[in-house]
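Participant: So that you have it, the file is data_21.cif, and it contains mmCIF, C-alpha atoms:
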data_query
loop_
_atom_site.group_PDB
_atom_site.id
_atom_site.type_symbol
_atom_site.label_atom_id
_atom_site.label_comp_id
_atom_site.auth_asym_id
_atom_site.auth_seq_id
_atom_site.Cartn_x
_atom_site.Cartn_y
_atom_site.Cartn_z
ATOM 1 C CA MET A 363 33.403 90.548 -107.906
ATOM 2 C CA ALA A 364 33.435 92.924 -104.952
ATOM 3 C CA GLY A 365 32.192 91.736 -101.541
ATOM 4 C CA LEU A 366 29.019 92.985 -99.907
ATOM 5 C CA ARG A 367 28.889 96.046 -97.664
ATOM 6 C CA PRO A 368 26.720 96.151 -94.515
ATOM 7 C CA GLY A 369 23.000 96.244 -95.370
ATOM 8 C CA GLU A 370 23.396 95.274 -99.016
ATOM 9 C CA VAL A 371 20.822 92.747 -100.240
ATOM 10 C CA VAL A 372 21.325 90.144 -102.971
ATOM 11 C CA ALA A 373 18.568 88.466 -105.006
ATOM 12 C CA GLU A 374 19.507 84.884 -105.878
ATOM 13 C CA GLY A 375 16.978 85.057 -108.731
ATOM 14 C CA LEU A 376 19.134 87.663 -110.472
ATOM 15 C CA LYS A 377 21.928 85.187 -111.155
ATOM 16 C CA ASP A 378 22.147 83.401 -114.525
ATOM 17 C CA PRO A 379 20.340 85.871 -116.823
ATOM 18 C CA ASP A 380 18.433 84.046 -119.571
ATOM 19 C CA GLY A 381 17.082 86.913 -121.711
ATOM 20 C CA PRO A 382 18.090 88.220 -125.170
ATOM 21 C CA ARG A 383 21.789 88.421 -126.009
ATOM 22 C CA LEU A 384 23.452 91.729 -126.727
ATOM 23 C CA ARG A 385 25.838 92.397 -129.582
ATOM 24 C CA VAL A 386 28.838 94.556 -128.686
ATOM 25 C CA ILE A 387 29.071 97.112 -131.539
ATOM 26 C CA GLY A 388 32.373 98.796 -130.618
ATOM 27 C CA ARG A 389 34.443 100.208 -127.776
ATOM 28 C CA ILE A 390 34.591 103.532 -125.934
ATOM 29 C CA ARG A 391 38.168 104.835 -125.556
ATOM 30 C CA THR A 392 38.701 107.046 -122.517
ATOM 31 C CA PRO A 393 41.648 108.112 -120.331
ATOM 32 C CA TRP A 394 40.222 106.267 -117.329
ATOM 33 C CA GLY A 395 40.918 102.982 -115.578
ATOM 34 C CA PRO A 396 39.428 101.473 -112.417
ATOM 35 C CA ASP A 397 41.738 103.554 -110.193
ATOM 36 C CA ASP A 398 41.070 107.013 -111.627
ATOM 37 C CA CYS A 399 37.654 106.887 -113.338
ATOM 38 C CA PRO A 400 35.469 109.907 -112.444
ATOM 39 C CA ARG A 401 32.278 109.000 -110.604
ATOM 40 C CA ASN A 402 29.955 111.060 -112.785
ATOM 41 C CA MET A 403 29.683 112.983 -116.052
ATOM 42 C CA GLY A 404 30.209 116.367 -114.399
ATOM 43 C CA THR A 405 33.644 115.346 -113.140
ATOM 44 C CA ALA A 406 34.521 113.659 -116.442
ATOM 45 C CA ARG A 407 33.776 116.918 -118.285
ATOM 46 C CA GLN A 408 35.803 118.983 -115.811
ATOM 47 C CA ARG A 409 38.838 116.700 -116.057
ATOM 48 C CA GLY A 410 38.579 116.390 -119.857
ATOM 49 C CA GLY A 411 40.772 114.275 -122.148
ATOM 50 C CA ARG A 412 40.434 112.319 -125.396
ATOM 51 C CA PHE A 413 37.186 110.383 -125.799
ATOM 52 C CA VAL A 414 36.570 108.322 -128.933
ATOM 53 C CA VAL A 415 33.888 105.829 -129.880
ATOM 54 C CA GLU A 416 35.419 103.119 -132.085
ATOM 55 C CA LEU A 417 32.594 101.307 -133.839
ATOM 56 C CA ASP A 418 33.128 97.937 -135.489
ATOM 57 C CA PRO A 419 34.467 98.853 -138.947
ATOM 58 C CA ASP A 420 31.478 97.286 -140.741
ATOM 59 C CA LEU A 421 29.059 99.606 -138.922
ATOM 60 C CA GLY A 422 30.327 102.981 -140.213
ATOM 61 C CA PRO A 423 27.355 103.445 -142.588
ATOM 62 C CA ALA A 424 24.996 103.345 -139.613
ATOM 63 C CA LEU A 425 26.456 106.712 -138.458
ATOM 64 C CA GLU A 426 25.276 108.585 -141.551
ATOM 65 C CA GLY A 427 22.844 111.352 -140.650
ATOM 66 C CA LEU A 428 24.557 112.267 -137.369
ATOM 67 C CA ALA A 429 26.378 115.626 -137.143
ATOM 68 C CA VAL A 430 29.134 117.274 -135.134
ATOM 69 C CA GLY A 431 27.599 119.288 -132.290
ATOM 70 C CA GLN A 432 24.612 116.948 -131.956
ATOM 71 C CA PRO A 433 23.819 115.374 -128.573
ATOM 72 C CA VAL A 434 23.555 111.583 -128.580
ATOM 73 C CA ILE A 435 22.825 108.963 -125.964
ATOM 74 C CA LEU A 436 25.391 106.192 -125.616
ATOM 75 C CA LEU A 437 24.490 102.839 -124.087
ATOM 76 C CA TYR A 438 27.405 100.743 -122.885
ATOM 77 C CA TRP A 439 28.025 97.561 -120.933
ATOM 78 C CA MET A 440 29.795 97.849 -117.585
ATOM 79 C CA ASP A 441 31.348 94.417 -117.625
ATOM 80 C CA ARG A 442 32.931 94.471 -114.154
ATOM 81 C CA ALA A 443 29.738 95.172 -112.203
ATOM 82 C CA ARG A 444 27.689 92.751 -110.125
ATOM 83 C CA ARG A 445 24.143 92.036 -111.301
ATOM 84 C CA ASP A 446 22.489 90.583 -108.207
ATOM 85 C CA LEU A 447 22.085 93.546 -105.816
ATOM 86 C CA LEU A 448 18.612 94.722 -104.745
ATOM 87 C CA ARG A 449 19.833 97.239 -102.176
ATOM 88 C CA GLN A 450 23.290 98.708 -102.139
ATOM 89 C CA SER A 451 25.478 101.140 -100.274
ATOM 90 C CA PRO A 452 27.547 103.365 -102.561
ATOM 91 C CA ARG A 453 30.364 105.282 -100.879
ATOM 92 C CA HIS A 454 28.677 108.671 -101.419
ATOM 93 C CA ILE A 455 25.427 107.953 -99.525
ATOM 94 C CA GLU A 456 24.557 107.033 -95.933
ATOM 95 C CA GLY A 457 23.009 103.596 -95.481
ATOM 96 C CA THR A 458 21.554 101.638 -98.380
ATOM 97 C CA ARG A 459 19.238 102.443 -101.256
ATOM 98 C CA GLY A 460 17.321 100.401 -103.844
ATOM 99 C CA THR A 461 19.317 99.628 -106.979
ATOM 100 C CA PHE A 462 16.786 101.367 -109.260
ATOM 101 C CA ALA A 463 17.133 104.608 -107.261
ATOM 102 C CA LEU A 464 20.885 104.712 -108.081
ATOM 103 C CA ARG A 465 23.027 105.142 -111.207
ATOM 104 C CA SER A 466 25.473 102.524 -109.861
ATOM 105 C CA PRO A 467 26.947 100.088 -112.418
ATOM 106 C CA ASN A 468 25.737 97.282 -110.148
ATOM 107 C CA ARG A 469 22.244 96.418 -111.462
ATOM 108 C CA PRO A 470 20.456 93.462 -113.069
ATOM 109 C CA ASN A 471 21.552 94.654 -116.518
ATOM 110 C CA SER A 472 24.842 96.548 -116.292
ATOM 111 C CA ILE A 473 23.947 99.081 -118.983
ATOM 112 C CA GLY A 474 25.265 102.619 -118.628
ATOM 113 C CA VAL A 475 23.454 105.557 -120.238
ATOM 114 C CA ALA A 476 25.169 108.891 -120.917
ATOM 115 C CA THR A 477 24.215 111.949 -122.968
ATOM 116 C CA VAL A 478 27.264 113.305 -124.792
ATOM 117 C CA VAL A 479 27.965 115.683 -127.671
ATOM 118 C CA ILE A 480 29.591 114.634 -130.950
ATOM 119 C CA THR A 481 32.859 116.560 -131.435
ATOM 120 C CA ALA A 482 34.143 114.694 -134.518
ATOM 121 C CA LEU A 483 32.591 112.235 -136.948
ATOM 122 C CA ASP A 484 34.109 109.868 -139.492
ATOM 123 C CA PRO A 485 31.647 107.295 -140.865
ATOM 124 C CA GLY A 486 34.348 105.995 -143.260
ATOM 125 C CA ASP A 487 36.578 105.179 -140.308
ATOM 126 C CA ALA A 488 33.607 104.207 -138.101
ATOM 127 C CA THR A 489 34.694 106.586 -135.324
ATOM 128 C CA LEU A 490 33.057 109.343 -133.335
ATOM 129 C CA GLY A 491 34.725 111.893 -131.059
ATOM 130 C CA ILE A 492 32.669 112.864 -127.987
ATOM 131 C CA ASP A 493 33.046 115.614 -125.384
ATOM 132 C CA ALA A 494 33.537 113.361 -122.335
ATOM 133 C CA ILE A 495 32.272 110.223 -120.613
ATOM 134 C CA ASP A 496 32.755 108.638 -117.195
ATOM 135 C CA CYS A 497 33.500 105.016 -118.111
ATOM 136 C CA TYR A 498 36.672 102.903 -118.248
ATOM 137 C CA ASP A 499 38.808 102.764 -121.355
ATOM 138 C CA ASP A 500 37.702 99.965 -123.710
ATOM 139 C CA THR A 501 34.136 99.769 -122.367
ATOM 140 C CA PRO A 502 31.897 97.718 -124.725
ATOM 141 C CA LEU A 503 29.457 99.921 -126.672
ATOM 142 C CA ILE A 504 25.858 98.771 -127.106
ATOM 143 C CA ASP A 505 23.996 101.602 -128.869
ATOM 144 C CA ILE A 506 24.099 105.198 -130.124
ATOM 145 C CA LYS A 507 20.813 107.172 -130.330
ATOM 146 C CA PRO A 508 20.095 110.788 -131.229
ATOM 147 C CA TRP A 509 19.049 112.696 -128.088
ATOM 148 C CA THR A 510 15.631 114.324 -128.520
ATOM 149 C CA GLU A 511 13.705 116.741 -126.318
ATOM 150 C CA ARG A 512 10.537 114.740 -126.860
ATOM 151 C CA ALA A 513 11.857 111.421 -125.562
ATOM 152 C CA ASP A 514 14.649 112.522 -123.268
ATOM 153 C CA LEU A 515 13.557 115.632 -121.386
ATOM 154 C CA PRO A 516 11.222 115.037 -118.448
ATOM 155 C CA PRO A 517 7.746 116.396 -119.306
ATOM 156 C CA GLY A 518 7.171 119.950 -118.156
ATOM 157 C CA ARG A 519 10.795 121.004 -118.637
ATOM 158 C CA ASP A 520 11.464 123.540 -121.285
ATOM 159 C CA GLY A 521 13.614 122.370 -124.162
ATOM 160 C CA MET B 239 10.398 90.032 -139.584
ATOM 161 C CA ALA B 240 9.425 92.831 -141.949
ATOM 162 C CA GLY B 241 10.896 92.932 -145.462
ATOM 163 C CA LEU B 242 13.391 95.555 -146.639
ATOM 164 C CA ARG B 243 12.370 98.901 -148.154
ATOM 165 C CA PRO B 244 14.246 100.414 -151.103
ATOM 166 C CA GLY B 245 17.749 101.573 -150.126
ATOM 167 C CA GLU B 246 17.841 99.760 -146.805
ATOM 168 C CA VAL B 247 21.167 98.052 -146.030
ATOM 169 C CA VAL B 248 21.684 94.914 -143.962
ATOM 170 C CA ALA B 249 24.927 93.862 -142.232
ATOM 171 C CA GLU B 250 25.299 90.079 -142.187
ATOM 172 C CA GLY B 251 27.736 90.493 -139.286
ATOM 173 C CA LEU B 252 24.880 91.740 -137.105
ATOM 174 C CA LYS B 253 23.139 88.388 -137.084
ATOM 175 C CA ASP B 254 23.665 85.932 -134.218
ATOM 176 C CA PRO B 255 24.605 88.291 -131.358
ATOM 177 C CA ASP B 256 27.119 86.671 -129.000
ATOM 178 C CA GLY B 257 27.499 89.301 -126.228
ATOM 179 C CA PRO B 258 26.254 89.379 -122.627
ATOM 180 C CA ARG B 259 22.738 88.129 -121.881
ATOM 181 C CA LEU B 260 20.072 90.419 -120.525
ATOM 182 C CA ARG B 261 17.722 89.589 -117.689
ATOM 183 C CA VAL B 262 14.144 90.728 -118.214
ATOM 184 C CA ILE B 263 13.152 92.365 -114.888
ATOM 185 C CA GLY B 264 9.458 92.973 -115.549
ATOM 186 C CA ARG B 265 6.906 94.178 -118.073
ATOM 187 C CA ILE B 266 5.555 97.566 -119.146
ATOM 188 C CA ARG B 267 1.753 97.618 -119.371
ATOM 189 C CA THR B 268 0.349 100.129 -121.873
ATOM 190 C CA PRO B 269 -2.878 100.577 -123.881
ATOM 191 C CA TRP B 270 -1.007 100.040 -127.163
ATOM 192 C CA GLY B 271 -0.613 97.174 -129.616
ATOM 193 C CA PRO B 272 1.184 97.006 -132.969
ATOM 194 C CA ASP B 273 -1.777 98.603 -134.764
ATOM 195 C CA ASP B 274 -2.280 101.682 -132.582
ATOM 196 C CA CYS B 275 1.033 102.360 -130.816
ATOM 197 C CA PRO B 276 2.018 106.056 -130.931
ATOM 198 C CA ARG B 277 5.258 106.739 -132.808
ATOM 199 C CA ASN B 278 6.812 108.925 -130.134
ATOM 200 C CA MET B 279 6.538 110.060 -126.527
ATOM 201 C CA GLY B 280 4.810 113.334 -127.418
ATOM 202 C CA THR B 281 1.882 111.498 -128.988
ATOM 203 C CA ALA B 282 1.787 108.930 -126.175
ATOM 204 C CA ARG B 283 1.443 111.763 -123.633
ATOM 205 C CA GLN B 284 -1.265 113.491 -125.669
ATOM 206 C CA ARG B 285 -3.337 110.334 -126.041
ATOM 207 C CA GLY B 286 -2.848 109.275 -122.411
ATOM 208 C CA GLY B 287 -4.063 106.091 -120.722
ATOM 209 C CA ARG B 288 -2.950 103.724 -117.971
ATOM 210 C CA PHE B 289 0.773 102.972 -117.882
ATOM 211 C CA VAL B 290 2.177 100.612 -115.256
ATOM 212 C CA VAL B 291 5.586 99.034 -114.771
ATOM 213 C CA GLU B 292 5.169 95.555 -113.275
ATOM 214 C CA LEU B 293 8.505 94.482 -111.874
ATOM 215 C CA ASP B 294 9.220 90.869 -111.031
ATOM 216 C CA PRO B 295 7.793 90.478 -107.498
ATOM 217 C CA ASP B 296 11.213 89.688 -105.983
ATOM 218 C CA LEU B 297 12.611 93.019 -107.133
ATOM 219 C CA GLY B 298 10.313 95.396 -105.194
ATOM 220 C CA PRO B 299 13.043 96.299 -102.652
ATOM 221 C CA ALA B 300 15.183 97.674 -105.490
ATOM 222 C CA LEU B 301 12.607 100.501 -105.924
ATOM 223 C CA GLU B 302 13.214 101.935 -102.452
ATOM 224 C CA GLY B 303 14.493 105.500 -102.634
ATOM 225 C CA LEU B 304 12.441 106.478 -105.699
ATOM 226 C CA ALA B 305 9.590 108.980 -105.250
ATOM 227 C CA VAL B 306 6.336 109.978 -106.954
ATOM 228 C CA GLY B 307 6.980 112.960 -109.238
ATOM 229 C CA GLN B 308 10.567 111.927 -109.956
ATOM 230 C CA PRO B 309 11.724 111.493 -113.568
ATOM 231 C CA VAL B 310 13.271 108.119 -114.379
ATOM 232 C CA ILE B 311 14.748 106.543 -117.488
ATOM 233 C CA LEU B 312 13.275 103.208 -118.521
ATOM 234 C CA LEU B 313 15.206 100.795 -120.710
ATOM 235 C CA TYR B 314 13.144 98.146 -122.464
ATOM 236 C CA TRP B 315 13.577 95.457 -125.081
ATOM 237 C CA MET B 316 11.666 95.855 -128.355
ATOM 238 C CA ASP B 317 11.391 92.171 -129.138
ATOM 239 C CA ARG B 318 9.749 92.455 -132.559
ATOM 240 C CA ALA B 319 12.430 94.603 -134.196
ATOM 241 C CA ARG B 320 15.116 93.557 -136.659
ATOM 242 C CA ARG B 321 18.734 93.845 -135.528
ATOM 243 C CA ASP B 322 20.659 93.764 -138.807
ATOM 244 C CA LEU B 323 19.922 97.149 -140.467
ATOM 245 C CA LEU B 324 22.753 99.634 -141.116
ATOM 246 C CA ARG B 325 20.642 102.085 -143.123
ATOM 247 C CA GLN B 326 16.884 102.258 -142.982
ATOM 248 C CA SER B 327 13.942 104.130 -144.346
ATOM 249 C CA PRO B 328 11.316 104.941 -141.711
ATOM 250 C CA ARG B 329 7.961 106.095 -143.026
ATOM 251 C CA HIS B 330 8.385 109.654 -141.701
ATOM 252 C CA ILE B 331 11.610 110.505 -143.594
ATOM 253 C CA GLU B 332 12.604 110.778 -147.272
ATOM 254 C CA GLY B 333 15.235 108.264 -148.402
ATOM 255 C CA THR B 334 17.375 106.343 -145.927
ATOM 256 C CA ARG B 335 19.378 107.239 -142.849
ATOM 257 C CA GLY B 336 21.978 105.471 -140.714
ATOM 258 C CA THR B 337 20.500 103.388 -137.898
ATOM 259 C CA PHE B 338 22.355 105.344 -135.187
ATOM 260 C CA ALA B 339 20.843 108.619 -136.442
ATOM 261 C CA LEU B 340 17.323 107.257 -135.767
ATOM 262 C CA ARG B 341 15.298 106.213 -132.715
ATOM 263 C CA SER B 342 13.839 103.294 -134.688
ATOM 264 C CA PRO B 343 13.383 99.998 -132.787
ATOM 265 C CA ASN B 344 15.400 98.345 -135.581
ATOM 266 C CA ARG B 345 19.018 98.459 -134.351
ATOM 267 C CA PRO B 346 21.782 96.011 -133.349
ATOM 268 C CA ASN B 347 20.468 95.989 -129.768
ATOM 269 C CA SER B 348 16.738 96.636 -129.699
ATOM 270 C CA ILE B 349 16.809 98.668 -126.494
ATOM 271 C CA GLY B 350 14.333 101.520 -126.114
ATOM 272 C CA VAL B 351 15.096 104.474 -123.825
ATOM 273 C CA ALA B 352 12.367 106.787 -122.501
ATOM 274 C CA THR B 353 12.298 109.448 -119.797
ATOM 275 C CA VAL B 354 9.048 109.260 -117.839
ATOM 276 C CA VAL B 355 7.695 110.560 -114.539
ATOM 277 C CA ILE B 356 6.653 108.329 -111.643
ATOM 278 C CA THR B 357 2.953 108.845 -110.867
ATOM 279 C CA ALA B 358 2.505 106.032 -108.317
ATOM 280 C CA LEU B 359 4.891 103.773 -106.432
ATOM 281 C CA ASP B 360 4.378 100.540 -104.520
ATOM 282 C CA PRO B 361 7.630 98.736 -103.644
ATOM 283 C CA GLY B 362 5.647 96.086 -101.711
ATOM 284 C CA ASP B 363 3.699 95.237 -104.846
ATOM 285 C CA ALA B 364 6.738 95.844 -107.106
ATOM 286 C CA THR B 365 4.799 98.256 -109.337
ATOM 287 C CA LEU B 366 5.311 101.780 -110.610
ATOM 288 C CA GLY B 367 2.770 104.053 -112.325
ATOM 289 C CA ILE B 368 4.254 106.309 -115.026
ATOM 290 C CA ASP B 369 2.849 109.256 -116.967
ATOM 291 C CA ALA B 370 3.046 107.704 -120.464
ATOM 292 C CA ILE B 371 5.227 105.634 -122.783
ATOM 293 C CA ASP B 372 5.180 104.771 -126.500
ATOM 294 C CA CYS B 373 5.771 101.010 -126.408
ATOM 295 C CA TYR B 374 3.520 97.974 -126.872
ATOM 296 C CA ASP B 375 1.683 96.424 -123.955
ATOM 297 C CA ASP B 376 3.778 93.740 -122.224
ATOM 298 C CA THR B 377 7.143 95.067 -123.433
ATOM 299 C CA PRO B 378 10.026 93.443 -121.500
ATOM 300 C CA LEU B 379 11.642 95.861 -119.019
ATOM 301 C CA ILE B 380 15.450 95.935 -118.709
ATOM 302 C CA ASP B 381 16.285 98.783 -116.306
ATOM 303 C CA ILE B 382 15.012 101.766 -114.300
ATOM 304 C CA LYS B 383 17.417 104.634 -113.528
ATOM 305 C CA PRO B 384 16.888 108.001 -111.837
ATOM 306 C CA TRP B 385 17.106 110.783 -114.445
ATOM 307 C CA THR B 386 19.768 113.360 -113.521
ATOM 308 C CA GLU B 387 20.652 116.694 -115.074
ATOM 309 C CA ARG B 388 24.335 115.838 -114.873
ATOM 310 C CA ALA B 389 24.196 112.636 -116.909
ATOM 311 C CA ASP B 390 21.094 113.198 -119.015
ATOM 312 C CA LEU B 391 20.991 116.833 -120.115
ATOM 313 C CA PRO B 392 23.273 117.711 -123.017
ATOM 314 C CA PRO B 393 26.098 119.940 -121.757
ATOM 315 C CA GLY B 394 25.381 123.651 -122.050
ATOM 316 C CA ARG B 395 21.632 123.259 -121.525
ATOM 317 C CA ASP B 396 20.230 124.795 -118.423
ATOM 318 C CA GLY B 397 18.698 122.373 -115.948
#
Show me this structure written as structure tokens.
Facilitator:
Amino acid sequence: MAGLRPGEVVAEGLKDPDGPRLRVIGRIRTPWGPDDCPRNMGTARQRGGRFVVELDPDLGPALEGLAVGQPVILLYWMDRARRDLLRQSPRHIEGTRGTFALRSPNRPNSIGVATVVITALDPGDATLGIDAIDCYDDTPLIDIKPWTERADLPPGRDG
Amino acid sequence: MAGLRPGEVVAEGLKDPDGPRLRVIGRIRTPWGPDDCPRNMGTARQRGGRFVVELDPDLGPALEGLAVGQPVILLYWMDRARRDLLRQSPRHIEGTRGTFALRSPNRPNSIGVATVVITALDPGDATLGIDAIDCYDDTPLIDIKPWTERADLPPGRDG
């Protein structure tokens, strides 16, 4: 676990989570490791590469109804992050900011959310190609949801 | 737990999740219970009401940097859903569909995702007013993230 930077604030109460347990449903395969992972989706898309969601083989039937070209939301577990920071100081901002005002992996529940587009689909093989994503190779996958204007666009924005 | 509808498929391997544990960070207060909860965000916004995120009191400082009017993504835990369905038959569709092609609460990890707008903000009190949400009163909150065009708009859509 990384050390604290100046001004960062830890909440002792955030240690030892005692809520519901997740089930890892697969892995996200990307070209990135800790040394070269892009910091956001824009950069991941620019750099490009091969991005594949490998679901647990038993779960292939749960992909039926999705289509190539469709946007989906992936939820994944960033298993190297710290979970006890209330305020933090990412490299790209001055000073510190509250954890919930940042997309940092360091948060009480280290769940990443990204909207991607399906580029290939094989329910028989339980795999999904996607356009790009900014997480490490082998990141545990937690959920796949169809992206919808109604739930996922801020109100007042045109679809 | 609700019974199965015709054509629904269960995966035995989805029982007994053994992944990382979540920490519930607060509760979402809404006007809705199981009998009158809207089925989607559009209906929740139309019907309106009082919607408040009550964070655990210790976590107020983690809200600093958010602003009224800003869109945020809430992640929450739908604790009455079943987690073992591969194919399911929601009331609003004909036949069955794969779980990952639906926004149904019934999924391996019962995490809901909604994009809402902050209407009031009190880090000292660890509360957040939001425009609307389609979950039951007292739903466990898992995360708050700033919504960004880069991560949350499908590629090719204008911001």
Participant: With all atoms listed in the file as the atoms that count, which of B:Leu323, B:Ala364, B:Ala300, B:Ile371 lies nearest to chain A?
Facilitator: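 Looking only at the distances to chain A, the closest residue turns out to be B:Ala300.
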Participant: What are the closest atom pairs, with distances in Å to one decimal, for each residue of chain B lying within 7 Å of chain A, using all atoms listed in the file, rows by chain and rising residue number, as a Markdown table?
Facilitator:
| residue | atom | partner | partner_atom | distance |
| --- | --- | --- | --- | --- |
| B:Pro255 | CA | A:Arg385 | CA | 4.6 |
| B:Asp256 | CA | A:Arg385 | CA | 5.9 |
| B:Gly257 | CA | A:Leu384 | CA | 4.7 |
| B:Pro258 | CA | A:Leu384 | CA | 5.5 |
| B:Arg259 | CA | A:Arg383 | CA | 4.2 |
| B:Leu260 | CA | A:Gly381 | CA | 4.8 |
| B:Arg261 | CA | A:Pro379 | CA | 4.6 |
| B:Val262 | CA | A:Gly381 | CA | 6.0 |
| B:Met279 | CA | A:Ala513 | CA | 5.6 |
| B:Gly280 | CA | A:Arg512 | CA | 5.9 |
| B:Leu297 | CA | A:Leu448 | CA | 6.7 |
| B:Pro299 | CA | A:Gly460 | CA | 6.0 |
| B:Ala300 | CA | A:Gly460 | CA | 3.8 |
| B:Leu301 | CA | A:Gly460 | CA | 5.2 |
| B:Glu302 | CA | A:Gly460 | CA | 4.6 |
| B:Gly303 | CA | A:Ala463 | CA | 5.4 |
| B:Leu304 | CA | A:Ala463 | CA | 5.3 |
| B:Pro309 | CA | A:Pro516 | CA | 6.1 |
| B:Leu324 | CA | A:Ala424 | CA | 4.6 |
| B:Arg325 | CA | A:Ala424 | CA | 5.7 |
| B:Arg335 | CA | A:Gly427 | CA | 5.8 |
| B:Gly336 | CA | A:Ala424 | CA | 3.9 |
| B:Thr337 | CA | A:Ala424 | CA | 4.8 |
| B:Phe338 | CA | A:Ile506 | CA | 5.4 |
| B:Ala339 | CA | A:Leu428 | CA | 5.3 |
| B:Leu340 | CA | A:Pro508 | CA | 6.4 |
| B:Arg341 | CA | A:Lys507 | CA | 6.1 |
| B:Pro346 | CA | A:Arg385 | CA | 6.6 |
| B:Asn347 | CA | A:Leu384 | CA | 6.0 |
| B:Ala352 | CA | A:Ala513 | CA | 5.6 |
| B:Thr353 | CA | A:Asp514 | CA | 5.2 |
| B:Val354 | CA | A:Pro516 | CA | 6.2 |
| B:Val355 | CA | A:Pro516 | CA | 6.9 |
| B:Ile380 | CA | A:Asn471 | CA | 6.6 |
| B:Asp381 | CA | A:Asn471 | CA | 6.7 |
| B:Ile382 | CA | A:Phe462 | CA | 5.4 |
| B:Lys383 | CA | A:Phe462 | CA | 5.4 |
| B:Pro384 | CA | A:Ala463 | CA | 5.7 |
| B:Arg388 | CA | A:Gly404 | CA | 5.9 |
| B:Ala389 | CA | A:Met403 | CA | 5.6 |
| B:Asp390 | CA | A:Thr477 | CA | 5.2 |
| B:Leu391 | CA | A:Thr477 | CA | 6.5 |
| B:Pro392 | CA | A:Thr477 | CA | 5.8 |
Participant: Is there a way to get, as a ChimeraX atom specification, all residues within 7 Å of the point (42.6, 108.9, -121.0) in file coordinates, counting all atoms listed in the file?
Facilitator: /A:392-394,411-412
Participant: Measure the distance from atom CA of B:Val291 to atom CA of B:Asp375 in Å and round it to one decimal.
Facilitator: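 We find that atom CA of B:Val291 and atom CA of B:Asp375 lie 10.3 Å from each other.
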Participant: Between atom CA of A:Tyr438 and atom CA of A:Arg401, measure the distance and give it in Å to one decimal.
Facilitator: 15.6 Å
Participant: Figure out the distance between atom CA of B:Glu246 and atom CA of B:Cys275, please, to one decimal in Å.
Facilitator: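 One can read the atom CA of B:Cys275 to atom CA of B:Glu246 distance as 23.3 Å.
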Participant: Using only C-alpha atoms and a cutoff of 12 Å, can you tell me which residues are near (10.3, 94.2, -142.3) in the file's coordinates, and write them out as a ChimeraX atom specification?
Facilitator: /B:239-244,246,248,318-323,326-328,343-344
Participant: Could you write out as JSON the box around stretch 421-425 of chain A (axis-aligned, all atoms listed in the file, 3 Å on each side), with centre and edge lengths in Å to one decimal?
Facilitator:
{"center_x": 27.7, "center_y": 103.2, "center_z": -140.5, "size_x": 11.3, "size_y": 13.1, "size_z": 10.1}
Participant: Starting from the PyMOL selection byres ((chain B and resi 358) around 6), expand the selection into actual residues of this file and give them as a PyMOL selection string.
Facilitator: chain B and resi 306+356-357+359+366-367
Participant: Applying 6 Å and all atoms listed in the file, which residues near B:Glu292 remain after dropping the ones on its own chain fewer than 4 positions away? List them as a tab-separated table (two decimals) with C-alpha atoms, in the frame of the given file.
Facilitator:
chain	number	residue	atom	x	y	z
B	264	GLY	CA	9.46	92.97	-115.55
B	265	ARG	CA	6.91	94.18	-118.07
B	365	THR	CA	4.80	98.26	-109.34
Participant: Where atoms are absent from stretch 373-380 of chain B, fill them in so it carries N, CA, C and O atoms, then output it as a PDB file, in the coordinates of the input.
Facilitator:
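This went into rebuild.pdb:
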ATOM      1  N   CYS B 373       5.422 102.382-126.019  1.00  0.00           N
ATOM      2  CA  CYS B 373       5.771 101.010-126.408  1.00  0.00           C
ATOM      3  C   CYS B 373       4.543 100.108-126.280  1.00  0.00           C
ATOM      4  O   CYS B 373       3.557 100.466-125.654  1.00  0.00           O
ATOM      5  N   TYR B 374       4.641  98.925-126.897  1.00  0.00           N
ATOM      6  CA  TYR B 374       3.520  97.974-126.872  1.00  0.00           C
ATOM      7  C   TYR B 374       3.267  97.478-125.450  1.00  0.00           C
ATOM      8  O   TYR B 374       4.180  97.397-124.628  1.00  0.00           O
ATOM      9  N   ASP B 375       2.016  97.094-125.206  1.00  0.00           N
ATOM     10  CA  ASP B 375       1.683  96.424-123.955  1.00  0.00           C
ATOM     11  C   ASP B 375       2.545  95.174-123.809  1.00  0.00           C
ATOM     12  O   ASP B 375       2.794  94.455-124.774  1.00  0.00           O
ATOM     13  N   ASP B 376       3.032  94.951-122.574  1.00  0.00           N
ATOM     14  CA  ASP B 376       3.778  93.740-122.224  1.00  0.00           C
ATOM     15  C   ASP B 376       5.238  93.763-122.703  1.00  0.00           C
ATOM     16  O   ASP B 376       5.881  92.710-122.780  1.00  0.00           O
ATOM     17  N   THR B 377       5.737  94.954-123.015  1.00  0.00           N
ATOM     18  CA  THR B 377       7.143  95.067-123.433  1.00  0.00           C
ATOM     19  C   THR B 377       8.071  94.676-122.285  1.00  0.00           C
ATOM     20  O   THR B 377       7.893  95.140-121.157  1.00  0.00           O
ATOM     21  N   PRO B 378       9.083  93.842-122.563  1.00  0.00           N
ATOM     22  CA  PRO B 378      10.026  93.443-121.500  1.00  0.00           C
ATOM     23  C   PRO B 378      10.843  94.638-120.983  1.00  0.00           C
ATOM     24  O   PRO B 378      11.406  95.398-121.771  1.00  0.00           O
ATOM     25  N   LEU B 379      10.884  94.780-119.668  1.00  0.00           N
ATOM     26  CA  LEU B 379      11.642  95.861-119.019  1.00  0.00           C
ATOM     27  C   LEU B 379      13.050  95.373-118.693  1.00  0.00           C
ATOM     28  O   LEU B 379      13.250  94.228-118.277  1.00  0.00           O
ATOM     29  N   ILE B 380      14.032  96.276-118.894  1.00  0.00           N
ATOM     30  CA  ILE B 380      15.450  95.935-118.709  1.00  0.00           C
ATOM     31  C   ILE B 380      16.085  96.717-117.557  1.00  0.00           C
ATOM     32  O   ILE B 380      16.966  96.217-116.869  1.00  0.00           O
TER      33      ILE B 380
END
